[in-house]
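Read through the structure below, which is laid out as structure tokens, and then see the notes.
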Amino acid sequence: MKTIVAGREPVTPTEFIELALGIDLELFTGSATESALERAARLDVAHEVLAELRESDPETAAYAESLLRTLPLKQPRPSGRRPRRAVRRPVKGCTARTAVAA
């Protein structure tokens, strides 16, 4: 059985929600790769959309507001810093040849 919303067939549950409610989930949840500036701009737009939804569809507005409290699964790394990497140091008196022979 196919589920069709607004003439489109959603492939994932997320697509079904977006089509059924008429809202972009990423607008309210964000992306793990967005910068602080992008996040601020997205939240400004999300709050404007939320204000309009409260007037026209309070139930969808409540759902969208709950999405604003969620976080993306992966947080971006701080800019300008690279993650620390472990450095392997050889054991004193042990070379690659003696380690293989042992």
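Starting from 1 in every chain, residues are counted up; chains themselves are A, B, ... following the order of the structure tokens, and ligands are numbered from 1 as listed.
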With the cut-off set at 12 Å and counting only C-alpha atoms, tabulate each residue of segment 1-53 of chain A with an atom at most that distance from an atom of segment 62-67 of chain A, showing the nearest atom pair and its distance in Å to one decimal, ordered by chain and increasing number, as JSON lines.
```
{"residue": "A:Ile17", "atom": "CA", "partner": "A:Tyr63", "partner_atom": "CA", "distance": 10.8}
{"residue": "A:Glu18", "atom": "CA", "partner": "A:Ala64", "partner_atom": "CA", "distance": 10.9}
{"residue": "A:Leu21", "atom": "CA", "partner": "A:Tyr63", "partner_atom": "CA", "distance": 9.6}
{"residue": "A:Gly22", "atom": "CA", "partner": "A:Ala64", "partner_atom": "CA", "distance": 10.8}
{"residue": "A:Ile23", "atom": "CA", "partner": "A:Ala64", "partner_atom": "CA", "distance": 8.1}
{"residue": "A:Asp24", "atom": "CA", "partner": "A:Ala64", "partner_atom": "CA", "distance": 9.3}
{"residue": "A:Leu25", "atom": "CA", "partner": "A:Leu67", "partner_atom": "CA", "distance": 7.6}
{"residue": "A:Glu26", "atom": "CA", "partner": "A:Leu67", "partner_atom": "CA", "distance": 9.0}
{"residue": "A:Leu27", "atom": "CA", "partner": "A:Leu67", "partner_atom": "CA", "distance": 9.1}
{"residue": "A:Phe28", "atom": "CA", "partner": "A:Leu67", "partner_atom": "CA", "distance": 5.6}
{"residue": "A:Thr29", "atom": "CA", "partner": "A:Leu67", "partner_atom": "CA", "distance": 5.6}
{"residue": "A:Gly30", "atom": "CA", "partner": "A:Leu67", "partner_atom": "CA", "distance": 9.3}
{"residue": "A:Leu43", "atom": "CA", "partner": "A:Glu65", "partner_atom": "CA", "distance": 11.3}
{"residue": "A:Ala46", "atom": "CA", "partner": "A:Ala64", "partner_atom": "CA", "distance": 8.8}
{"residue": "A:His47", "atom": "CA", "partner": "A:Glu65", "partner_atom": "CA", "distance": 8.8}
{"residue": "A:Glu48", "atom": "CA", "partner": "A:Glu65", "partner_atom": "CA", "distance": 11.6}
{"residue": "A:Val49", "atom": "CA", "partner": "A:Ala64", "partner_atom": "CA", "distance": 9.3}
{"residue": "A:Leu50", "atom": "CA", "partner": "A:Ala64", "partner_atom": "CA", "distance": 7.0}
{"residue": "A:Ala51", "atom": "CA", "partner": "A:Glu65", "partner_atom": "CA", "distance": 10.0}
{"residue": "A:Glu52", "atom": "CA", "partner": "A:Ala64", "partner_atom": "CA", "distance": 11.5}
{"residue": "A:Leu53", "atom": "CA", "partner": "A:Ala64", "partner_atom": "CA", "distance": 8.7}
```
Selection from above, C-alpha atoms, as a CSV table (one decimal), in the first residue's frame, can you write it?
```csv
chain,number,residue,atom,x,y,z
A,17,ILE,CA,6.1,14.3,8.5
A,18,GLU,CA,7.4,17.2,6.5
A,21,LEU,CA,2.7,19.0,8.4
A,22,GLY,CA,4.0,21.3,5.8
A,23,ILE,CA,7.2,22.2,7.8
A,24,ASP,CA,10.8,21.6,7.2
A,25,LEU,CA,12.1,19.6,10.2
A,26,GLU,CA,15.7,20.8,9.7
A,27,LEU,CA,14.6,24.4,10.1
A,28,PHE,CA,13.6,23.5,13.7
A,29,THR,CA,16.2,20.9,14.5
A,30,GLY,CA,19.3,22.3,12.8
A,43,LEU,CA,16.7,30.2,14.6
A,46,ALA,CA,12.3,29.3,12.8
A,47,HIS,CA,10.9,31.7,15.5
A,48,GLU,CA,9.1,33.7,12.8
A,49,VAL,CA,7.6,30.6,11.3
A,50,LEU,CA,6.6,29.4,14.7
A,51,ALA,CA,4.8,32.7,15.5
A,52,GLU,CA,2.7,32.2,12.3
A,53,LEU,CA,2.0,28.6,13.1
```
Worksheet entry | For atom CA of Ala41 of chain A and atom CA of Asp57 of chain A, the interatomic separation in Å (one decimal) |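 Going from atom CA of Ala41 of chain A over to atom CA of Asp57 of chain A, I get 23.4 Å.
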Worksheet item: How many Å lie between atom CA of Val45 of chain A and atom CA of Pro58 of chain A, rounded to one decimal?
Response: 17.7 Å
Worksheet item: What does the distance from atom CA of Phe16 of chain A to atom CA of Thr60 of chain A come to in Å, to one decimal?
Response: 14.1 Å
